[in-house]
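To be precise, the following lines are model_9.cif, and they hold mmCIF, C-alpha atoms.
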```cif
data_work
#
loop_
_atom_site.label_atom_id
_atom_site.label_comp_id
_atom_site.auth_asym_id
_atom_site.auth_seq_id
_atom_site.Cartn_x
_atom_site.Cartn_y
_atom_site.Cartn_z
CA MET A 77 116.85 82.34 16.59
CA THR A 78 119.80 84.33 15.36
CA GLN A 79 123.17 84.07 17.13
CA PRO A 80 122.91 87.54 18.78
CA GLU A 81 119.41 86.68 19.99
CA GLU A 82 120.60 83.32 21.35
CA LYS A 83 123.49 85.01 23.15
CA LYS A 84 121.16 87.61 24.60
CA ALA A 85 118.78 84.91 25.85
CA LYS A 86 121.64 83.04 27.53
CA ASN A 87 122.86 86.23 29.21
CA GLY A 88 119.34 86.97 30.42
CA SER A 89 118.98 83.46 31.80
CA ARG A 90 122.36 83.72 33.55
CA ALA A 91 121.44 87.09 35.07
CA LYS A 92 118.14 85.65 36.27
CA LYS A 93 119.93 82.74 37.94
CA VAL A 94 122.39 85.12 39.65
CA ARG A 95 119.54 87.33 40.81
CA ASN A 96 117.66 84.34 42.20
CA ILE A 97 120.77 83.15 44.05
CA ILE A 98 121.31 86.63 45.54
CA LEU A 99 117.67 86.82 46.63
CA LYS A 100 117.91 83.37 48.25
CA ILE A 101 121.08 84.38 50.10
CA LEU A 102 119.50 87.64 51.28
CA GLY A 103 116.38 85.74 52.32
CA ALA A 104 118.47 83.25 54.27
CA ILE A 105 120.31 86.09 55.99
CA VAL A 106 117.05 87.81 56.95
CA ILE A 107 115.63 84.54 58.28
CA ALA A 108 118.84 83.90 60.24
CA ILE A 109 118.71 87.41 61.77
CA VAL A 110 115.03 87.02 62.70
CA LEU A 111 115.70 83.61 64.24
CA PHE A 112 118.71 84.98 66.14
CA LEU A 113 116.74 87.95 67.50
CA GLY A 114 113.86 85.65 68.37
CA ILE A 115 116.15 83.29 70.29
CA VAL A 116 117.79 86.26 72.09
CA TYR A 117 114.38 87.68 73.02
CA ILE A 118 112.95 84.37 74.25
CA THR A 119 116.13 83.60 76.19
CA ASN A 120 115.91 87.01 77.84
CA VAL A 121 112.28 86.49 78.87
CA ILE A 122 112.99 83.04 80.28
CA SER A 123 116.16 84.20 82.06
CA THR A 124 114.44 87.27 83.51
CA ASN A 125 111.62 85.16 84.95
CA SER A 126 114.07 82.59 86.27
CA GLU A 127 116.36 85.17 87.87
CA ALA A 128 113.46 86.98 89.51
CA LYS A 129 112.97 83.85 91.66
CA LYS A 130 116.67 83.64 92.53
CA ILE A 131 117.22 87.24 93.61
CA GLU A 132 117.60 87.31 97.39
CA THR A 133 116.12 90.17 99.37
CA TYR A 134 118.26 92.29 101.65
CA GLY A 135 117.75 95.42 103.69
CA GLN A 136 114.29 96.83 104.35
CA HIS A 137 111.65 98.76 102.47
CA VAL A 138 110.79 102.33 103.40
CA SER A 139 107.65 104.01 102.07
CA VAL A 140 108.52 107.16 100.10
CA ASP A 141 106.00 108.95 97.91
CA GLY A 142 103.79 105.87 97.98
CA LYS A 143 106.54 103.57 96.70
CA ASN A 144 109.08 101.25 98.28
CA MET A 145 112.68 102.41 98.62
CA ASN A 146 115.14 99.74 99.72
CA VAL A 147 117.65 100.58 102.45
CA LEU A 148 120.34 98.36 103.98
CA ILE A 149 121.45 99.15 107.55
CA GLN A 150 124.51 97.46 109.02
CA GLY A 151 126.42 98.23 112.22
CA GLU A 152 125.46 99.83 115.52
CA GLY A 153 127.98 102.65 115.91
CA LYS A 154 127.01 105.92 117.56
CA GLU A 155 127.80 107.83 114.36
CA THR A 156 125.94 107.15 111.12
CA ILE A 157 127.22 107.06 107.54
CA VAL A 158 124.71 107.29 104.67
CA LEU A 159 125.97 105.82 101.38
CA LEU A 160 124.72 107.05 97.99
CA PRO A 161 125.61 105.28 94.71
CA GLY A 162 126.99 106.48 91.42
CA TYR A 163 124.78 106.60 88.35
CA GLY A 164 123.88 103.19 86.96
CA THR A 165 125.15 101.17 89.92
CA ALA A 166 122.49 98.49 89.61
CA THR A 167 122.61 97.21 93.19
CA PRO A 168 124.17 99.82 95.50
CA ALA A 169 123.93 97.93 98.81
CA LEU A 170 125.85 94.97 97.36
CA ASP A 171 128.22 97.14 95.33
CA PHE A 172 129.24 98.90 98.58
CA LYS A 173 129.43 95.59 100.52
CA LEU A 174 133.23 95.48 100.87
CA LEU A 175 133.30 99.04 102.20
CA ILE A 176 130.25 98.51 104.42
CA ASP A 177 131.93 95.51 106.03
CA GLU A 178 134.96 97.67 106.89
CA LEU A 179 132.93 100.60 108.23
CA SER A 180 130.16 98.78 110.12
CA PRO A 181 132.28 97.73 113.13
CA PHE A 182 132.67 101.45 113.93
CA TYR A 183 129.60 103.13 112.41
CA LYS A 184 125.96 102.59 111.67
CA VAL A 185 126.07 102.35 107.88
CA VAL A 186 122.96 103.10 105.83
CA ALA A 187 123.09 102.22 102.13
CA VAL A 188 120.22 103.91 100.31
CA GLU A 189 119.04 102.51 96.99
CA PRO A 190 117.25 105.36 95.17
CA PHE A 191 114.24 104.60 92.99
CA GLY A 192 115.23 102.48 90.01
CA TYR A 193 118.22 100.99 91.84
CA GLY A 194 118.74 97.70 93.66
CA LEU A 195 115.51 96.35 95.13
CA SER A 196 113.73 99.71 95.15
CA ASP A 197 110.67 100.43 93.03
CA GLY A 198 110.86 102.50 89.89
CA THR A 199 109.13 105.86 89.62
CA GLU A 200 107.61 108.08 86.97
CA LYS A 201 108.73 111.27 88.73
CA GLU A 202 111.40 113.18 86.85
CA ARG A 203 114.93 112.31 87.99
CA THR A 204 115.91 115.83 88.85
CA THR A 205 118.37 116.51 91.64
CA GLU A 206 115.56 118.11 93.62
CA ASN A 207 113.38 114.98 93.48
CA ILE A 208 116.21 112.52 94.13
CA VAL A 209 117.52 114.48 97.12
CA SER A 210 114.03 114.93 98.55
CA GLU A 211 113.28 111.21 98.26
CA VAL A 212 116.52 110.14 99.93
CA HIS A 213 115.90 112.60 102.74
CA GLU A 214 112.36 111.34 103.21
CA ALA A 215 113.65 107.76 103.50
CA LEU A 216 116.06 108.82 106.26
CA GLN A 217 113.27 110.70 108.03
CA GLN A 218 111.12 107.57 107.94
CA LEU A 219 114.01 105.66 109.55
CA ASP A 220 114.38 108.33 112.23
CA ILE A 221 117.93 109.14 111.08
CA HIS A 222 118.68 112.83 111.61
CA GLN A 223 122.47 113.16 112.05
CA TYR A 224 124.88 111.50 109.62
CA MET A 225 127.90 111.71 107.39
CA LEU A 226 126.98 111.66 103.70
CA MET A 227 129.28 109.46 101.61
CA GLY A 228 128.69 109.25 97.88
CA HIS A 229 130.24 107.80 94.75
CA SER A 230 130.44 109.47 91.34
CA ILE A 231 127.25 111.43 90.49
CA ALA A 232 126.39 111.47 94.20
CA GLY A 233 128.84 114.38 94.27
CA ILE A 234 126.24 116.37 92.32
CA TYR A 235 123.30 115.25 94.42
CA GLY A 236 125.39 115.49 97.59
CA ILE A 237 126.39 119.12 97.20
CA ASP A 238 122.72 120.00 96.83
CA TYR A 239 121.80 117.79 99.76
CA VAL A 240 124.27 119.31 102.25
CA ASN A 241 123.06 122.80 101.39
CA LYS A 242 119.40 121.85 101.87
CA TYR A 243 119.93 119.98 105.12
CA PRO A 244 122.98 121.58 106.79
CA ASP A 245 121.75 120.80 110.29
CA GLU A 246 121.67 117.08 109.56
CA VAL A 247 124.85 116.36 107.60
CA THR A 248 127.99 116.24 109.76
CA ALA A 249 130.47 115.68 106.90
CA PHE A 250 130.64 114.84 103.20
CA VAL A 251 132.90 112.10 101.85
CA GLY A 252 133.26 111.71 98.10
CA ILE A 253 134.43 108.51 96.42
CA ASP A 254 135.71 109.76 93.07
CA SER A 255 132.70 112.04 93.19
CA SER A 256 131.55 114.13 90.23
CA VAL A 257 132.24 117.87 90.05
CA SER A 258 129.66 120.14 88.41
CA THR A 259 132.26 121.90 86.25
CA GLN A 260 134.03 118.82 84.92
CA PRO A 261 134.54 119.26 81.16
CA SER A 262 133.39 115.74 80.24
CA ILE A 263 129.71 116.61 80.68
CA THR A 264 128.04 117.91 77.51
CA ASP A 265 124.48 118.66 76.46
CA ALA A 266 124.57 115.94 73.78
CA LYS A 267 121.40 113.88 73.85
CA PHE A 268 121.66 110.23 74.85
CA PRO A 269 120.02 107.64 72.51
CA LEU A 270 117.47 106.67 75.14
CA LYS A 271 115.21 104.79 72.70
CA THR A 272 118.18 102.72 71.52
CA PHE A 273 119.10 101.80 75.09
CA ALA A 274 115.48 100.86 75.80
CA LEU A 275 115.40 98.73 72.63
CA LEU A 276 118.59 96.92 73.65
CA ARG A 277 117.03 96.14 77.01
CA ASN A 278 113.62 95.07 75.70
CA THR A 279 114.97 92.81 72.93
CA GLY A 280 117.43 91.03 75.21
CA LEU A 281 120.46 92.26 73.27
CA LEU A 282 121.65 94.12 76.37
CA ARG A 283 121.73 90.86 78.35
CA LEU A 284 123.72 89.24 75.54
CA MET A 285 126.18 92.15 75.44
CA MET A 286 126.70 91.95 79.19
CA LYS A 287 127.16 88.18 78.93
CA VAL A 288 129.96 88.36 76.35
CA SER A 289 131.69 91.42 77.81
CA ALA A 290 134.49 91.27 80.37
CA ASP A 291 133.48 90.32 83.91
CA PRO A 292 133.51 93.61 85.90
CA TYR A 293 133.97 91.71 89.18
CA GLU A 294 136.84 89.47 88.15
CA GLY A 295 139.75 89.66 90.58
CA LEU A 296 137.78 91.61 93.19
CA ALA A 297 137.20 90.49 96.78
CA PHE A 298 133.46 89.86 96.41
CA ASP A 299 132.31 86.32 97.20
CA ASP A 300 130.74 84.26 94.41
CA GLN A 301 127.20 84.51 95.79
CA THR A 302 127.34 88.32 95.95
CA VAL A 303 128.70 88.48 92.39
CA GLU A 304 125.89 86.24 91.15
CA GLN A 305 123.29 88.43 92.85
CA MET A 306 124.82 91.64 91.48
CA LYS A 307 124.80 90.27 87.94
CA MET A 308 121.15 89.19 88.16
CA ILE A 309 120.04 92.52 89.62
CA SER A 310 122.08 94.31 86.95
CA ASN A 311 120.14 92.41 84.29
CA LYS A 312 116.92 93.49 86.01
CA ASN A 313 117.77 97.17 86.43
CA MET A 314 120.09 98.19 83.61
CA TYR A 315 118.47 100.85 81.42
CA ASN A 316 115.12 100.59 83.17
CA PRO A 317 112.77 103.56 82.54
CA THR A 318 113.71 105.29 85.81
CA SER A 319 117.41 104.96 85.03
CA LEU A 320 116.95 106.29 81.50
CA ASN A 321 115.02 109.27 82.84
CA GLU A 322 117.90 110.02 85.20
CA MET A 323 120.31 109.74 82.28
CA ASP A 324 118.21 112.29 80.39
CA HIS A 325 118.62 114.73 83.31
CA ILE A 326 122.37 114.34 83.78
CA TYR A 327 123.34 117.52 81.95
CA SER A 328 120.67 119.70 83.57
CA ASN A 329 121.49 118.28 87.01
CA PHE A 330 125.19 119.10 86.54
CA LYS A 331 124.33 122.60 85.31
CA GLY A 332 122.06 123.15 88.28
CA ALA A 333 124.88 122.31 90.69
CA GLN A 334 127.34 124.81 89.22
CA GLY A 335 126.24 127.61 91.52
CA LEU A 336 126.69 125.50 94.64
CA THR A 337 129.66 125.06 96.96
CA PHE A 338 130.15 122.92 100.03
CA PRO A 339 129.61 124.86 103.28
CA LYS A 340 132.95 126.11 104.62
CA SER A 341 132.38 124.66 108.06
CA LEU A 342 131.44 121.20 106.78
CA PRO A 343 134.24 118.60 107.02
CA LEU A 344 134.96 117.56 103.45
CA LEU A 345 136.98 114.46 102.49
CA LEU A 346 137.41 113.57 98.82
CA PHE A 347 138.93 110.29 97.61
CA VAL A 348 140.04 110.86 94.04
CA GLN A 349 141.27 108.51 91.34
CA ALA A 350 144.94 109.32 90.77
CA ASN A 351 145.09 108.35 87.10
CA ASN A 352 141.81 109.51 85.59
CA GLU A 353 142.71 110.12 81.94
CA GLY A 354 139.14 110.66 80.81
CA VAL A 355 138.53 113.96 82.59
CA GLU A 356 141.01 116.80 82.21
CA GLY A 357 142.14 118.30 85.52
CA TRP A 358 140.35 115.69 87.63
CA ILE A 359 142.47 116.19 90.75
CA PRO A 360 142.60 120.02 90.56
CA LEU A 361 138.80 120.07 90.22
CA HIS A 362 138.51 118.35 93.59
CA GLU A 363 141.24 120.44 95.16
CA GLY A 364 139.18 123.47 94.19
CA GLN A 365 136.20 122.08 96.10
CA ILE A 366 138.09 121.92 99.40
CA LYS A 367 139.89 125.24 98.93
CA GLU A 368 137.56 127.20 101.23
CA SER A 369 136.83 124.37 103.66
CA VAL A 370 137.90 124.80 107.26
CA HIS A 371 138.54 121.06 107.37
CA GLY A 372 138.96 119.67 103.86
CA LYS A 373 141.22 117.02 102.39
CA VAL A 374 141.85 115.34 99.03
CA ILE A 375 143.34 111.84 99.04
CA THR A 376 144.40 110.41 95.68
CA MET A 377 144.23 106.67 95.16
CA ASP A 378 145.29 104.21 92.49
CA GLY A 379 142.41 102.25 91.03
CA SER A 380 139.37 102.48 88.81
CA HIS A 381 136.50 104.92 89.17
CA TYR A 382 135.00 102.41 91.62
CA LEU A 383 137.70 103.01 94.22
CA HIS A 384 135.62 101.30 96.89
CA HIS A 385 136.00 97.98 95.05
CA THR A 386 139.73 97.81 95.73
CA GLN A 387 140.58 100.53 98.26
CA PHE A 388 137.79 99.76 100.75
CA LYS A 389 140.16 99.11 103.69
CA LYS A 390 142.12 102.34 103.12
CA ILE A 391 138.94 104.37 102.62
CA ALA A 392 137.51 103.10 105.91
CA GLU A 393 140.76 103.83 107.77
CA ASP A 394 141.09 107.31 106.31
CA VAL A 395 137.46 108.19 107.08
CA ARG A 396 137.96 107.29 110.73
CA ALA A 397 141.22 109.23 110.97
CA PHE A 398 139.73 112.26 109.19
CA MET A 399 136.66 112.40 111.40
CA ASN A 400 138.78 112.10 114.55
CA GLU A 401 140.82 115.08 113.35
CA ALA A 402 137.69 117.07 112.56
CA LYS A 403 136.24 116.73 116.07
#
```

Before we go any further, please render this structure as structure tokens.
Amino acid sequence: MTQPEEKKAKNGSRAKKVRNIILKILGAIVIAIVLFLGIVYITNVISTNSEAKKIETYGQHVSVDGKNMNVLIQGEGKETIVLLPGYGTATPALDFKLLIDELSPFYKVVAVEPFGYGLSDGTEKERTTENIVSEVHEALQQLDIHQYMLMGHSIAGIYGIDYVNKYPDEVTAFVGIDSSVSTQPSITDAKFPLKTFALLRNTGLLRLMMKVSADPYEGLAFDDQTVEQMKMISNKNMYNPTSLNEMDHIYSNFKGAQGLTFPKSLPLLLFVQANNEGVEGWIPLHEGQIKESVHGKVITMDGSHYLHHTQFKKIAEDVRAFMNEAK
């Protein structure tokens, strides 16, 4: 073998060795990823089954459209407050617990968990405002509740403005807790990656992400048992099919509410986050909603979007004062 041929053979052998090493490394990486995903998936299945046995029931089931809707009722006051959650609040009755405890000595408080939330069933019906409002109303009818204040957080501002216009003889006031406004500029028609969210849930990666992320309840006044329950129910409900369908309807539901206004004669109290940097003109948007109201008020508060997690005492006090003024 000539010297050039010998050199060429050595180079070929060296390249083959490098290629084999690279292939082995890539193979090891693929195996590691598959093992990791397998462990995450199996852990999720085991944890889901285990948590299902630990979730404690609360409230009562009401039959709506052939399915069970969970409703928590606390307090025996003459006046009734119906609470509606923001989008994605996995367990509304427990999420509102601090506020419910402050309101229930004075009111009958009814926390409704729409389909796909809390301990309620899921549903295949489209999550349009029309369907959601109709279902909530049917639940209240089943409970023989016909006169009430409607109090809602976040997207309940969209469902609520539709609700009070459909059932004006039943709703005595609307109270918004950093409630959404149909014309807020943060809502776009961009499509959500629903299949990606479903994949994260089904593979167990969502559970892992929630596990390693910051504790959303740290420093709040919830007791440890309630926090544990909320976390387990969050794992059960987050990105479930009903929730994803509602997500897919967010833009159309906001657009559908743009032609609606709160009735002028309806008492309207809006608690608004004072430092919302994510939505331009957040406070003026709410001030515009009460502009024509005979009895309307905007109260700004320091805190996160979930004002009822930290300002529950002040919210309860201000609701009582406002309703006394409105009488």

Would you mind listing, for every residue of region 218-335 of chain A within 8 Å of region 382-394 of chain A, the two atoms forming the shortest contact and the distance between them in Å to one decimal, using only C-alpha atoms, sorted by chain and ascending residue number, as a Markdown table?
```
| residue | atom | partner | partner_atom | distance |
| --- | --- | --- | --- | --- |
| A:His229 | CA | A:Tyr382 | CA | 7.8 |
| A:Ile253 | CA | A:Leu383 | CA | 6.8 |
| A:Asp254 | CA | A:Leu383 | CA | 7.1 |
| A:Leu296 | CA | A:His385 | CA | 6.9 |
| A:Ala297 | CA | A:His385 | CA | 7.8 |
```

Quick one: of A:Phe398, A:Phe298, A:Trp358, A:Phe191, who's nearest to Ala215 (chain A), counting all atoms listed in the file?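 Checking each candidate against Ala215 (chain A), we get A:Phe191 as the closest.
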
Set the distance at 7 Å and use only C-alpha atoms: which residues neighbour region 325-335 of chain A once local chain neighbours fewer than 4 positions away are removed? I'd like the list as a PyMOL selection string.
chain A and resi 203-205+234+238+258-259+263-265+321

I'd like the residues picked by the PyMOL selection byres ((chain A and resi 158) around 6) written out as an mmCIF file with C-alpha atoms, keeping the file's coordinate frame, using the chain letters and numbers from the file.
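That gives us expr36.cif:
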```cif
data_model
loop_
_atom_site.group_PDB
_atom_site.id
_atom_site.type_symbol
_atom_site.label_atom_id
_atom_site.label_comp_id
_atom_site.auth_asym_id
_atom_site.auth_seq_id
_atom_site.Cartn_x
_atom_site.Cartn_y
_atom_site.Cartn_z
ATOM 1 C CA ILE A 157 127.220 107.060 107.540
ATOM 2 C CA LEU A 159 125.970 105.820 101.380
ATOM 3 C CA VAL A 186 122.960 103.100 105.830
ATOM 4 C CA ALA A 187 123.090 102.220 102.130
ATOM 5 C CA LEU A 226 126.980 111.660 103.700
ATOM 6 C CA MET A 227 129.280 109.460 101.610
#
```

When you count only C-alpha atoms, which of these residues is closest to Phe273 (chain A): A:Ile359, A:Val370, A:Met285, A:Ala128?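 Checking each of A:Ile359, A:Val370, A:Met285, A:Ala128 against Phe273 (chain A), counting only C-alpha atoms, the winner is A:Met285.
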
TODO: Would you please work out which residue, of A:Gly103, A:Gly252, A:Pro269, A:Gly194, is nearest to Phe347 (chain A) when using all atoms listed in the file?
DONE: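 Among A:Gly103, A:Gly252, A:Pro269, A:Gly194, it is A:Gly252 that comes nearest to Phe347 (chain A).
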
Self-check item: the PyMOL selection byres ((chain A and resi 170) around 9) applied to the shown file, residues as number ranges by chain
Solution: A: 167-169, 171-174, 194, 302-303, 305-306

Could those residues be written to a file, using C-alpha atoms, as an mmCIF file, in the frame of the given file?
```cif
data_model
loop_
_atom_site.group_PDB
_atom_site.id
_atom_site.type_symbol
_atom_site.label_atom_id
_atom_site.label_comp_id
_atom_site.auth_asym_id
_atom_site.auth_seq_id
_atom_site.Cartn_x
_atom_site.Cartn_y
_atom_site.Cartn_z
ATOM 1 C CA THR A 167 122.610 97.210 93.190
ATOM 2 C CA PRO A 168 124.170 99.820 95.500
ATOM 3 C CA ALA A 169 123.930 97.930 98.810
ATOM 4 C CA ASP A 171 128.220 97.140 95.330
ATOM 5 C CA PHE A 172 129.240 98.900 98.580
ATOM 6 C CA LYS A 173 129.430 95.590 100.520
ATOM 7 C CA LEU A 174 133.230 95.480 100.870
ATOM 8 C CA GLY A 194 118.740 97.700 93.660
ATOM 9 C CA THR A 302 127.340 88.320 95.950
ATOM 10 C CA VAL A 303 128.700 88.480 92.390
ATOM 11 C CA GLN A 305 123.290 88.430 92.850
ATOM 12 C CA MET A 306 124.820 91.640 91.480
#
```

Record the distance separating CA of Pro339 (chain A) and CA of Ser255 (chain A), expressed in Å with one decimal.
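CA of Pro339 (chain A) sits 16.6 Å away from CA of Ser255 (chain A).
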
| said: From the options A:Leu99, A:Met286, A:Ala249, A:Val188, which residue's atoms come nearest to Gly372 (chain A), counting all atoms listed in the file? | reply: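 Among the listed residues, A:Ala249 lies closest to Gly372 (chain A).
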